[in-house]
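Colleague: Below is the file start.pdb, which contains PDB, C-alpha atoms and all ligand atoms.
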ATOM      1  CA  MET O   4      96.132  97.879  85.854  1.00  0.00           C
ATOM      2  CA  TYR O   5      93.691  97.514  82.957  1.00  0.00           C
ATOM      3  CA  LEU O   6      89.969  96.845  83.591  1.00  0.00           C
ATOM      4  CA  SER O   7      88.174  95.838  80.407  1.00  0.00           C
ATOM      5  CA  SER O   8      84.583  96.062  81.646  1.00  0.00           C
ATOM      6  CA  GLU O   9      82.341  97.422  84.373  1.00  0.00           C
ATOM      7  CA  GLY O  10      82.254  93.883  85.781  1.00  0.00           C
ATOM      8  CA  GLN O  11      86.018  93.999  86.343  1.00  0.00           C
ATOM      9  CA  THR O  12      85.732  97.400  88.016  1.00  0.00           C
ATOM     10  CA  ASN O  13      83.121  95.898  90.299  1.00  0.00           C
ATOM     11  CA  GLN O  14      85.260  92.820  91.065  1.00  0.00           C
ATOM     12  CA  LEU O  15      88.207  94.975  92.052  1.00  0.00           C
ATOM     13  CA  GLY O  16      85.918  97.057  94.261  1.00  0.00           C
ATOM     14  CA  GLN O  17      84.604  93.922  95.945  1.00  0.00           C
ATOM     15  CA  TRP O  18      88.108  92.731  96.649  1.00  0.00           C
ATOM     16  CA  LEU O  19      88.933  96.119  98.206  1.00  0.00           C
ATOM     17  CA  GLY O  20      85.761  96.065 100.269  1.00  0.00           C
ATOM     18  CA  LYS O  21      86.962  92.862 101.888  1.00  0.00           C
ATOM     19  CA  GLN O  22      90.376  94.308 102.766  1.00  0.00           C
ATOM     20  CA  LEU O  23      89.487  97.814 103.971  1.00  0.00           C
ATOM     21  CA  PHE O  24      89.290  98.463 107.695  1.00  0.00           C
ATOM     22  CA  ALA O  25      87.452 100.741 110.132  1.00  0.00           C
ATOM     23  CA  GLY O  26      88.760 104.282 109.772  1.00  0.00           C
ATOM     24  CA  SER O  27      90.045 103.764 106.250  1.00  0.00           C
ATOM     25  CA  THR O  28      89.563 106.308 103.477  1.00  0.00           C
ATOM     26  CA  VAL O  29      89.633 105.838  99.715  1.00  0.00           C
ATOM     27  CA  ILE O  30      90.004 108.910  97.498  1.00  0.00           C
ATOM     28  CA  LEU O  31      88.695 108.366  93.973  1.00  0.00           C
ATOM     29  CA  THR O  32      90.065 110.545  91.210  1.00  0.00           C
ATOM     30  CA  GLY O  33      88.951 110.446  87.588  1.00  0.00           C
ATOM     31  CA  ASN O  34      86.951 112.337  85.006  1.00  0.00           C
ATOM     32  CA  LEU O  35      83.159 112.287  84.747  1.00  0.00           C
ATOM     33  CA  GLY O  36      81.904 108.814  83.950  1.00  0.00           C
ATOM     34  CA  THR O  37      85.170 106.937  84.425  1.00  0.00           C
ATOM     35  CA  GLY O  38      83.725 104.563  87.012  1.00  0.00           C
ATOM     36  CA  LYS O  39      84.148 106.060  90.485  1.00  0.00           C
ATOM     37  CA  THR O  40      80.598 105.114  91.393  1.00  0.00           C
ATOM     38  CA  SER O  41      80.993 101.665  89.762  1.00  0.00           C
ATOM     39  CA  LEU O  42      84.048 101.003  91.914  1.00  0.00           C
ATOM     40  CA  SER O  43      82.259 102.326  95.021  1.00  0.00           C
ATOM     41  CA  LYS O  44      79.379  99.911  94.434  1.00  0.00           C
ATOM     42  CA  GLY O  45      81.868  97.061  94.326  1.00  0.00           C
ATOM     43  CA  ILE O  46      83.477  98.206  97.571  1.00  0.00           C
ATOM     44  CA  ALA O  47      80.040  98.310  99.199  1.00  0.00           C
ATOM     45  CA  LYS O  48      79.333  94.780  98.031  1.00  0.00           C
ATOM     46  CA  GLY O  49      82.680  93.580  99.390  1.00  0.00           C
ATOM     47  CA  LEU O  50      81.796  95.137 102.734  1.00  0.00           C
ATOM     48  CA  GLY O  51      78.574  93.157 102.703  1.00  0.00           C
ATOM     49  CA  VAL O  52      76.247  96.112 102.142  1.00  0.00           C
ATOM     50  CA  THR O  53      72.865  94.784 101.036  1.00  0.00           C
ATOM     51  CA  GLU O  54      71.113  98.120 100.416  1.00  0.00           C
ATOM     52  CA  MET O  55      71.077  99.563  96.914  1.00  0.00           C
ATOM     53  CA  VAL O  56      74.020 101.972  96.540  1.00  0.00           C
ATOM     54  CA  LYS O  57      73.148 105.147  94.671  1.00  0.00           C
ATOM     55  CA  SER O  58      75.445 107.907  93.493  1.00  0.00           C
ATOM     56  CA  PRO O  59      75.786 110.521  96.258  1.00  0.00           C
ATOM     57  CA  THR O  60      76.171 113.309  93.694  1.00  0.00           C
ATOM     58  CA  TYR O  61      73.293 115.411  95.009  1.00  0.00           C
ATOM     59  CA  THR O  62      73.356 114.366  98.653  1.00  0.00           C
ATOM     60  CA  ILE O  63      77.133 114.706  99.234  1.00  0.00           C
ATOM     61  CA  VAL O  64      77.167 111.739 101.612  1.00  0.00           C
ATOM     62  CA  ARG O  65      75.187 108.530 101.892  1.00  0.00           C
ATOM     63  CA  GLU O  66      75.613 106.122 104.788  1.00  0.00           C
ATOM     64  CA  TYR O  67      75.060 102.356 104.672  1.00  0.00           C
ATOM     65  CA  HIS O  68      74.950 100.234 107.786  1.00  0.00           C
ATOM     66  CA  SER O  69      74.113  96.745 106.541  1.00  0.00           C
ATOM     67  CA  GLY O  70      77.722  95.606 105.976  1.00  0.00           C
ATOM     68  CA  ARG O  71      80.399  94.292 108.336  1.00  0.00           C
ATOM     69  CA  ILE O  72      81.358  97.919 109.120  1.00  0.00           C
ATOM     70  CA  PRO O  73      79.648 101.167 108.023  1.00  0.00           C
ATOM     71  CA  PHE O  74      80.157 102.437 104.496  1.00  0.00           C
ATOM     72  CA  TYR O  75      80.244 106.212 103.980  1.00  0.00           C
ATOM     73  CA  HIS O  76      80.025 107.210 100.332  1.00  0.00           C
ATOM     74  CA  MET O  77      80.685 110.822  99.342  1.00  0.00           C
ATOM     75  CA  ASP O  78      80.864 112.851  96.171  1.00  0.00           C
ATOM     76  CA  VAL O  79      82.388 116.292  96.746  1.00  0.00           C
ATOM     77  CA  TYR O  80      82.328 117.478  93.134  1.00  0.00           C
ATOM     78  CA  ARG O  81      79.759 120.170  93.854  1.00  0.00           C
ATOM     79  CA  THR O  82      80.828 121.006  97.397  1.00  0.00           C
ATOM     80  CA  ALA O  83      84.570 121.370  97.165  1.00  0.00           C
ATOM     81  CA  ASN O  84      84.341 125.093  97.970  1.00  0.00           C
ATOM     82  CA  HIS O  85      82.586 124.664 101.290  1.00  0.00           C
ATOM     83  CA  VAL O  86      83.884 121.363 102.581  1.00  0.00           C
ATOM     84  CA  GLN O  87      84.955 123.079 105.798  1.00  0.00           C
ATOM     85  CA  ASP O  88      81.259 123.017 106.740  1.00  0.00           C
ATOM     86  CA  LEU O  89      81.155 119.221 106.598  1.00  0.00           C
ATOM     87  CA  GLU O  90      82.246 117.240 109.612  1.00  0.00           C
ATOM     88  CA  LEU O  91      84.522 115.129 107.450  1.00  0.00           C
ATOM     89  CA  ASP O  92      86.840 113.958 110.205  1.00  0.00           C
ATOM     90  CA  ASP O  93      83.906 112.237 111.913  1.00  0.00           C
ATOM     91  CA  TYR O  94      83.818 109.983 108.864  1.00  0.00           C
ATOM     92  CA  PHE O  95      87.552 109.703 108.164  1.00  0.00           C
ATOM     93  CA  TYR O  96      88.495 108.802 111.731  1.00  0.00           C
ATOM     94  CA  GLY O  97      85.271 106.955 112.441  1.00  0.00           C
ATOM     95  CA  ASP O  98      84.185 103.340 112.548  1.00  0.00           C
ATOM     96  CA  GLY O  99      83.673 102.692 108.859  1.00  0.00           C
ATOM     97  CA  VAL O 100      85.104 102.858 105.364  1.00  0.00           C
ATOM     98  CA  THR O 101      84.827 106.255 103.668  1.00  0.00           C
ATOM     99  CA  VAL O 102      84.993 106.516  99.880  1.00  0.00           C
ATOM    100  CA  VAL O 103      85.167 110.019  98.397  1.00  0.00           C
ATOM    101  CA  GLU O 104      84.517 110.583  94.693  1.00  0.00           C
ATOM    102  CA  TRP O 105      86.478 113.647  93.527  1.00  0.00           C
ATOM    103  CA  GLY O 106      88.240 113.475  96.894  1.00  0.00           C
ATOM    104  CA  GLU O 107      91.391 115.160  95.613  1.00  0.00           C
ATOM    105  CA  LEU O 108      89.374 118.405  95.649  1.00  0.00           C
ATOM    106  CA  LEU O 109      89.397 118.284  99.469  1.00  0.00           C
ATOM    107  CA  GLY O 110      92.984 119.587  99.549  1.00  0.00           C
ATOM    108  CA  LYS O 111      93.938 120.391 103.127  1.00  0.00           C
ATOM    109  CA  TYR O 112      90.783 118.684 104.424  1.00  0.00           C
ATOM    110  CA  LEU O 113      92.040 115.286 103.321  1.00  0.00           C
ATOM    111  CA  PRO O 114      92.803 112.883 106.170  1.00  0.00           C
ATOM    112  CA  GLU O 115      96.384 112.129 107.166  1.00  0.00           C
ATOM    113  CA  ALA O 116      96.452 108.761 105.422  1.00  0.00           C
ATOM    114  CA  PHE O 117      94.369 107.393 102.577  1.00  0.00           C
ATOM    115  CA  LEU O 118      94.369 105.151  99.555  1.00  0.00           C
ATOM    116  CA  GLN O 119      94.333 107.198  96.363  1.00  0.00           C
ATOM    117  CA  ILE O 120      92.809 105.496  93.341  1.00  0.00           C
ATOM    118  CA  THR O 121      92.954 107.123  89.919  1.00  0.00           C
ATOM    119  CA  ILE O 122      90.788 105.884  87.039  1.00  0.00           C
ATOM    120  CA  SER O 123      91.085 106.965  83.433  1.00  0.00           C
ATOM    121  CA  GLN O 124      89.577 105.995  80.107  1.00  0.00           C
ATOM    122  CA  ALA O 125      91.780 103.530  78.205  1.00  0.00           C
ATOM    123  CA  ARG O 126      90.684 102.001  74.915  1.00  0.00           C
ATOM    124  CA  GLU O 127      87.246 100.416  75.569  1.00  0.00           C
ATOM    125  CA  GLY O 128      88.038  99.974  79.255  1.00  0.00           C
ATOM    126  CA  ARG O 129      89.709 101.772  82.152  1.00  0.00           C
ATOM    127  CA  GLU O 130      93.220 102.110  83.502  1.00  0.00           C
ATOM    128  CA  ILE O 131      93.348 102.175  87.289  1.00  0.00           C
ATOM    129  CA  SER O 132      96.278 103.072  89.533  1.00  0.00           C
ATOM    130  CA  PHE O 133      96.930 103.153  93.268  1.00  0.00           C
ATOM    131  CA  GLU O 134      99.008 105.411  95.471  1.00  0.00           C
ATOM    132  CA  THR O 135      99.533 105.946  99.180  1.00  0.00           C
ATOM    133  CA  THR O 136     102.076 107.268 101.642  1.00  0.00           C
ATOM    134  CA  ASP O 137     100.861 104.941 104.396  1.00  0.00           C
ATOM    135  CA  GLU O 138     102.133 101.417 104.994  1.00  0.00           C
ATOM    136  CA  LYS O 139      98.731  99.925 105.892  1.00  0.00           C
ATOM    137  CA  TYR O 140      97.352 100.941 102.511  1.00  0.00           C
ATOM    138  CA  GLN O 141     100.599  99.984 100.781  1.00  0.00           C
ATOM    139  CA  ALA O 142     100.158  96.444 102.101  1.00  0.00           C
ATOM    140  CA  ILE O 143      96.701  96.358 100.505  1.00  0.00           C
ATOM    141  CA  ILE O 144      98.099  97.637  97.189  1.00  0.00           C
ATOM    142  CA  ASP O 145     100.819  94.961  97.236  1.00  0.00           C
ATOM    143  CA  GLU O 146      98.273  92.216  97.917  1.00  0.00           C
ATOM    144  CA  LEU O 147      95.952  93.564  95.276  1.00  0.00           C
ATOM    145  CA  LYS O 148      98.671  93.452  92.629  1.00  0.00           C
ATOM    146  CA  GLU O 149      99.380  89.875  93.633  1.00  0.00           C
ATOM    147  CA  ALA O 150      95.693  88.897  93.591  1.00  0.00           C
ATOM    148  CA  PHE O 151      95.022  90.432  90.179  1.00  0.00           C
ATOM    149  CA  SER O 152      98.372  89.608  88.553  1.00  0.00           C
ATOM    150  CA  ASN O 153      96.888  86.940  86.285  1.00  0.00           C
ATOM    151  CA  GLU O 154      94.247  89.203  84.795  1.00  0.00           C
TER     152      GLU O 154
HETATM  153  N1  LIG W   1      86.382  98.947  83.316  1.00  0.00           N
HETATM  154  C1  LIG W   1      85.398  99.517  82.619  1.00  0.00           C
HETATM  155  N2  LIG W   1      85.383  99.438  81.262  1.00  0.00           N
HETATM  156  C2  LIG W   1      84.398 100.035  80.552  1.00  0.00           C
HETATM  157  N3  LIG W   1      83.378 100.741  81.097  1.00  0.00           N
HETATM  158  C3  LIG W   1      83.348 100.849  82.430  1.00  0.00           C
HETATM  159  C4  LIG W   1      84.349 100.243  83.249  1.00  0.00           C
HETATM  160  N4  LIG W   1      84.050 100.523  84.543  1.00  0.00           N
HETATM  161  C5  LIG W   1      82.939 101.270  84.535  1.00  0.00           C
HETATM  162  N5  LIG W   1      82.503 101.462  83.269  1.00  0.00           N
HETATM  163  C6  LIG W   1      81.347 102.267  82.808  1.00  0.00           C
HETATM  164  O1  LIG W   1      81.677 103.605  82.998  1.00  0.00           O
HETATM  165  C7  LIG W   1      80.555 104.319  83.517  1.00  0.00           C
HETATM  166  C8  LIG W   1      80.966 104.827  84.870  1.00  0.00           C
HETATM  167  O2  LIG W   1      79.957 105.568  85.440  1.00  0.00           O
HETATM  168  P1  LIG W   1      80.095 106.056  86.949  1.00  0.00           P
HETATM  169  O3  LIG W   1      78.823 106.712  87.291  1.00  0.00           O
HETATM  170  O4  LIG W   1      80.587 104.946  87.800  1.00  0.00           O
HETATM  171  O5  LIG W   1      81.259 107.147  86.791  1.00  0.00           O
HETATM  172  P2  LIG W   1      81.740 108.230  87.833  1.00  0.00           P
HETATM  173  O6  LIG W   1      83.206 108.295  87.710  1.00  0.00           O
HETATM  174  O7  LIG W   1      81.175 107.937  89.180  1.00  0.00           O
HETATM  175  O8  LIG W   1      81.103 109.568  87.247  1.00  0.00           O
HETATM  176  P3  LIG W   1      80.776 110.957  88.013  1.00  0.00           P
HETATM  177  O9  LIG W   1      82.047 111.769  87.930  1.00  0.00           O
HETATM  178  O10 LIG W   1      79.682 111.545  87.190  1.00  0.00           O
HETATM  179  O11 LIG W   1      80.377 110.646  89.413  1.00  0.00           O
HETATM  180  C9  LIG W   1      79.400 103.344  83.546  1.00  0.00           C
HETATM  181  O12 LIG W   1      78.653 103.510  82.379  1.00  0.00           O
HETATM  182  C10 LIG W   1      80.083 101.982  83.571  1.00  0.00           C
HETATM  183  O13 LIG W   1      79.335 100.984  82.924  1.00  0.00           O
HETATM  184 MG    MG W   2      79.966 109.035  90.467  1.00  0.00          MG
END
Show me the file's structure as structure tokens.
Ligand SMILES: Nc1ncnc2c1ncn2[C@@H]1O[C@H](COP(=O)(O)OP(=O)(O)OP(=O)(O)O)[C@@H](O)[C@H]1O
Ligand SMILES: [Mg+2]
Modeller:
Amino acid sequence: MYLSSEGQTNQLGQWLGKQLFAGSTVILTGNLGTGKTSLSKGIAKGLGVTEMVKSPTYTIVREYHSGRIPFYHMDVYRTANHVQDLELDDYFYGDGVTVVEWGELLGKYLPEAFLQITISQAREGREISFETTDEKYQAIIDELKEAFSNE
């Protein structure tokens, strides 16, 4: 799917934020500056988070509790080598939505099921794609394709 502007990245995130459920995990893959944080901000908005969402690059995880369910936002770019020290499962199998920038670096510490979103630079915009092995997330992907089919 092609996203021509940051606004479209945000819109897609908002849509996802409305669909995601407690205990869901989104793994965001994409080079530096492709829009992982932009998409995360949209997800937060869709969840109803009213706090300002900042990149968790230096804090590893930021938690937001003003939405309909908690939002846990991580960036593991700088921590991939010692993720075993983080209590990740408390987030993944918890009561909120967890979004992990650079999440593919977690390897064996990934949860059992997750929605994998890959973003790449494409012309002036971004190409975004979705993958999962789990039927709950597949249902979201199918609905998403339907919802955004006219764009
Ligand atoms: N669909 C789009 N088309 C064009 N530009 C976009 C699009 N979506 C986001 N952007 C721009 O791309 C940049 C993305 O920055 P962002 O911090 O979200 O990237 P990131 O993937 O989180 O980077 P990092 O790996 O450093 O965490 C912003 O400048 C934003 O305006
Ligand atoms: Mg980022």
Colleague: Could you pull the residues within 8 Å of Glu54 of chain O, counting all atoms listed in the file, minus those fewer than 2 positions along the same chain, as a list in words?
Modeller: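 The contact residues come out as Val52, Val56, Tyr67 and Ser69 of chain O.
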Colleague: Print the selection's residues with C-alpha atoms to a file, as a PDB file, keeping the file's coordinate frame.
Modeller:
ATOM      1  CA  VAL O  52      76.247  96.112 102.142  1.00  0.00           C
ATOM      2  CA  VAL O  56      74.020 101.972  96.540  1.00  0.00           C
ATOM      3  CA  TYR O  67      75.060 102.356 104.672  1.00  0.00           C
ATOM      4  CA  SER O  69      74.113  96.745 106.541  1.00  0.00           C
TER       5      SER O  69
END
Colleague: Would you write out, as a list in words, every residue that the PyMOL selection byres (((not hetatm)) within 7 of (chain W and resi 2)) captures in this file?
Modeller: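 That selection, the PyMOL selection byres (((not hetatm)) within 7 of (chain W and resi 2)), comes back as Gly36, Gly38, Lys39, Thr40, Ser58, Thr60, Asp78 and Glu104 of chain O.
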Colleague: Pick from O:Thr12, O:Thr62, O:Gln17, O:Thr53: nearest to Ser41 of chain O, with only C-alpha atoms counted?
Modeller: O:Thr12
Colleague: If you apply the PyMOL selection byres (((not hetatm)) within 12 of (chain W and resi 1)) to this file, what residues do you get, as a PDB file with C-alpha atoms, in the coordinates of the input?
Modeller:
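New file selection_24.pdb:
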ATOM      1  CA  MET O   4      96.132  97.879  85.854  1.00  0.00           C
ATOM      2  CA  TYR O   5      93.691  97.514  82.957  1.00  0.00           C
ATOM      3  CA  LEU O   6      89.969  96.845  83.591  1.00  0.00           C
ATOM      4  CA  SER O   7      88.174  95.838  80.407  1.00  0.00           C
ATOM      5  CA  SER O   8      84.583  96.062  81.646  1.00  0.00           C
ATOM      6  CA  GLU O   9      82.341  97.422  84.373  1.00  0.00           C
ATOM      7  CA  GLY O  10      82.254  93.883  85.781  1.00  0.00           C
ATOM      8  CA  GLN O  11      86.018  93.999  86.343  1.00  0.00           C
ATOM      9  CA  THR O  12      85.732  97.400  88.016  1.00  0.00           C
ATOM     10  CA  ASN O  13      83.121  95.898  90.299  1.00  0.00           C
ATOM     11  CA  GLN O  14      85.260  92.820  91.065  1.00  0.00           C
ATOM     12  CA  LEU O  15      88.207  94.975  92.052  1.00  0.00           C
ATOM     13  CA  GLY O  16      85.918  97.057  94.261  1.00  0.00           C
ATOM     14  CA  ILE O  30      90.004 108.910  97.498  1.00  0.00           C
ATOM     15  CA  LEU O  31      88.695 108.366  93.973  1.00  0.00           C
ATOM     16  CA  THR O  32      90.065 110.545  91.210  1.00  0.00           C
ATOM     17  CA  GLY O  33      88.951 110.446  87.588  1.00  0.00           C
ATOM     18  CA  ASN O  34      86.951 112.337  85.006  1.00  0.00           C
ATOM     19  CA  LEU O  35      83.159 112.287  84.747  1.00  0.00           C
ATOM     20  CA  GLY O  36      81.904 108.814  83.950  1.00  0.00           C
ATOM     21  CA  THR O  37      85.170 106.937  84.425  1.00  0.00           C
ATOM     22  CA  GLY O  38      83.725 104.563  87.012  1.00  0.00           C
ATOM     23  CA  LYS O  39      84.148 106.060  90.485  1.00  0.00           C
ATOM     24  CA  THR O  40      80.598 105.114  91.393  1.00  0.00           C
ATOM     25  CA  SER O  41      80.993 101.665  89.762  1.00  0.00           C
ATOM     26  CA  LEU O  42      84.048 101.003  91.914  1.00  0.00           C
ATOM     27  CA  SER O  43      82.259 102.326  95.021  1.00  0.00           C
ATOM     28  CA  LYS O  44      79.379  99.911  94.434  1.00  0.00           C
ATOM     29  CA  GLY O  45      81.868  97.061  94.326  1.00  0.00           C
ATOM     30  CA  VAL O  56      74.020 101.972  96.540  1.00  0.00           C
ATOM     31  CA  LYS O  57      73.148 105.147  94.671  1.00  0.00           C
ATOM     32  CA  SER O  58      75.445 107.907  93.493  1.00  0.00           C
ATOM     33  CA  PRO O  59      75.786 110.521  96.258  1.00  0.00           C
ATOM     34  CA  THR O  60      76.171 113.309  93.694  1.00  0.00           C
ATOM     35  CA  TYR O  61      73.293 115.411  95.009  1.00  0.00           C
ATOM     36  CA  ILE O  63      77.133 114.706  99.234  1.00  0.00           C
ATOM     37  CA  HIS O  76      80.025 107.210 100.332  1.00  0.00           C
ATOM     38  CA  MET O  77      80.685 110.822  99.342  1.00  0.00           C
ATOM     39  CA  ASP O  78      80.864 112.851  96.171  1.00  0.00           C
ATOM     40  CA  VAL O  79      82.388 116.292  96.746  1.00  0.00           C
ATOM     41  CA  TYR O  80      82.328 117.478  93.134  1.00  0.00           C
ATOM     42  CA  ARG O  81      79.759 120.170  93.854  1.00  0.00           C
ATOM     43  CA  VAL O 102      84.993 106.516  99.880  1.00  0.00           C
ATOM     44  CA  VAL O 103      85.167 110.019  98.397  1.00  0.00           C
ATOM     45  CA  GLU O 104      84.517 110.583  94.693  1.00  0.00           C
ATOM     46  CA  TRP O 105      86.478 113.647  93.527  1.00  0.00           C
ATOM     47  CA  GLY O 106      88.240 113.475  96.894  1.00  0.00           C
ATOM     48  CA  ILE O 120      92.809 105.496  93.341  1.00  0.00           C
ATOM     49  CA  THR O 121      92.954 107.123  89.919  1.00  0.00           C
ATOM     50  CA  ILE O 122      90.788 105.884  87.039  1.00  0.00           C
ATOM     51  CA  SER O 123      91.085 106.965  83.433  1.00  0.00           C
ATOM     52  CA  GLN O 124      89.577 105.995  80.107  1.00  0.00           C
ATOM     53  CA  ALA O 125      91.780 103.530  78.205  1.00  0.00           C
ATOM     54  CA  ARG O 126      90.684 102.001  74.915  1.00  0.00           C
ATOM     55  CA  GLU O 127      87.246 100.416  75.569  1.00  0.00           C
ATOM     56  CA  GLY O 128      88.038  99.974  79.255  1.00  0.00           C
ATOM     57  CA  ARG O 129      89.709 101.772  82.152  1.00  0.00           C
ATOM     58  CA  GLU O 130      93.220 102.110  83.502  1.00  0.00           C
ATOM     59  CA  ILE O 131      93.348 102.175  87.289  1.00  0.00           C
TER      60      ILE O 131
END
Colleague: Just the number, please: distance in Å from atom CA of Pro73 of chain O to atom CA of Ala150 of chain O, one decimal.
Modeller: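 It comes out at 24.8 Å.
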Colleague: Would you kindly translate the PyMOL selection byres (((chain O and resi 74) around 7) and not hetatm) into the concrete residues it picks from this file, as a list of chain:residue names?
Modeller: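 Evaluating the PyMOL selection byres (((chain O and resi 74) around 7) and not hetatm) on this file yields O:Ala47, O:Glu66, O:Tyr67, O:His68, O:Ile72, O:Pro73, O:Tyr75, O:His76, O:Gly99, O:Val100, O:Thr101.
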Colleague: Please measure the separation of atom CA of Gly110 of chain O and atom CA of Asp145 of chain O, giving the value in Å to one decimal.
Modeller: 25.9 Å
Colleague: Kindly give the distance, in Å, that separates atom CA of Lys111 of chain O and atom CA of Asp92 of chain O, rounded to a single decimal.
Modeller: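 A separation of 11.9 Å between them.
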Colleague: Please check which residues have atoms at most 12 Å from (96.5, 109.3, 107.5) in the file's coordinates, counting only C-alpha atoms, and write them as a list of chain:residue names.
Modeller: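 Nearby residues: O:Gly26, O:Ser27, O:Thr28, O:Val29, O:Ile30, O:Asp92, O:Phe95, O:Tyr96, O:Tyr112, O:Leu113, O:Pro114, O:Glu115, O:Ala116, O:Phe117, O:Leu118, O:Gln119, O:Thr135, O:Thr136, O:Asp137, O:Glu138, O:Lys139, O:Tyr140.
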Colleague: Point out the residue among O:Glu149, O:Asp98, O:Val86, O:Leu108 with the least atom-to-atom distance to Leu23 of chain O, counting all atoms listed in the file.
Modeller: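 Closest residue, counting all atoms listed in the file: O:Asp98.
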Colleague: Quick one: of O:Glu146, O:Gln22, O:Tyr94, O:Thr82, who's nearest to Arg65 of chain O, counting all atoms listed in the file?
Modeller: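 Closest candidate: O:Tyr94.
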Colleague: Excluding Leu147 of chain O and its own-chain neighbours fewer than 5 positions away, which residues fall within 10 Å of it when counting all atoms listed in the file? Please give them as a list in words.
Modeller: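 Listed by chain and then number, they are Leu15, Trp18, Leu19, Gln22, Phe133, Gln141, Ala142 and Ser152 of chain O.
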Colleague: Out of O:Gly70, O:Ile46, O:Leu109, O:Glu134, which residue has the shortest atom-to-atom distance to Asp88 of chain O when counting only C-alpha atoms?
Modeller: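 For Asp88 of chain O, the nearest of the candidates is O:Leu109.
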Colleague: Using the file's own x, y and z axes, what box holds all listed atoms of segment 64-69 of chain O with 4 Å on each side, keeping edges along x, y and z, and what are its centre and edge lengths in Å to one decimal, as AutoDock Vina command-line options?
Modeller:
--center_x 75.6 --center_y 104.2 --center_z 104.7 --size_x 11.1 --size_y 23.0 --size_z 14.2
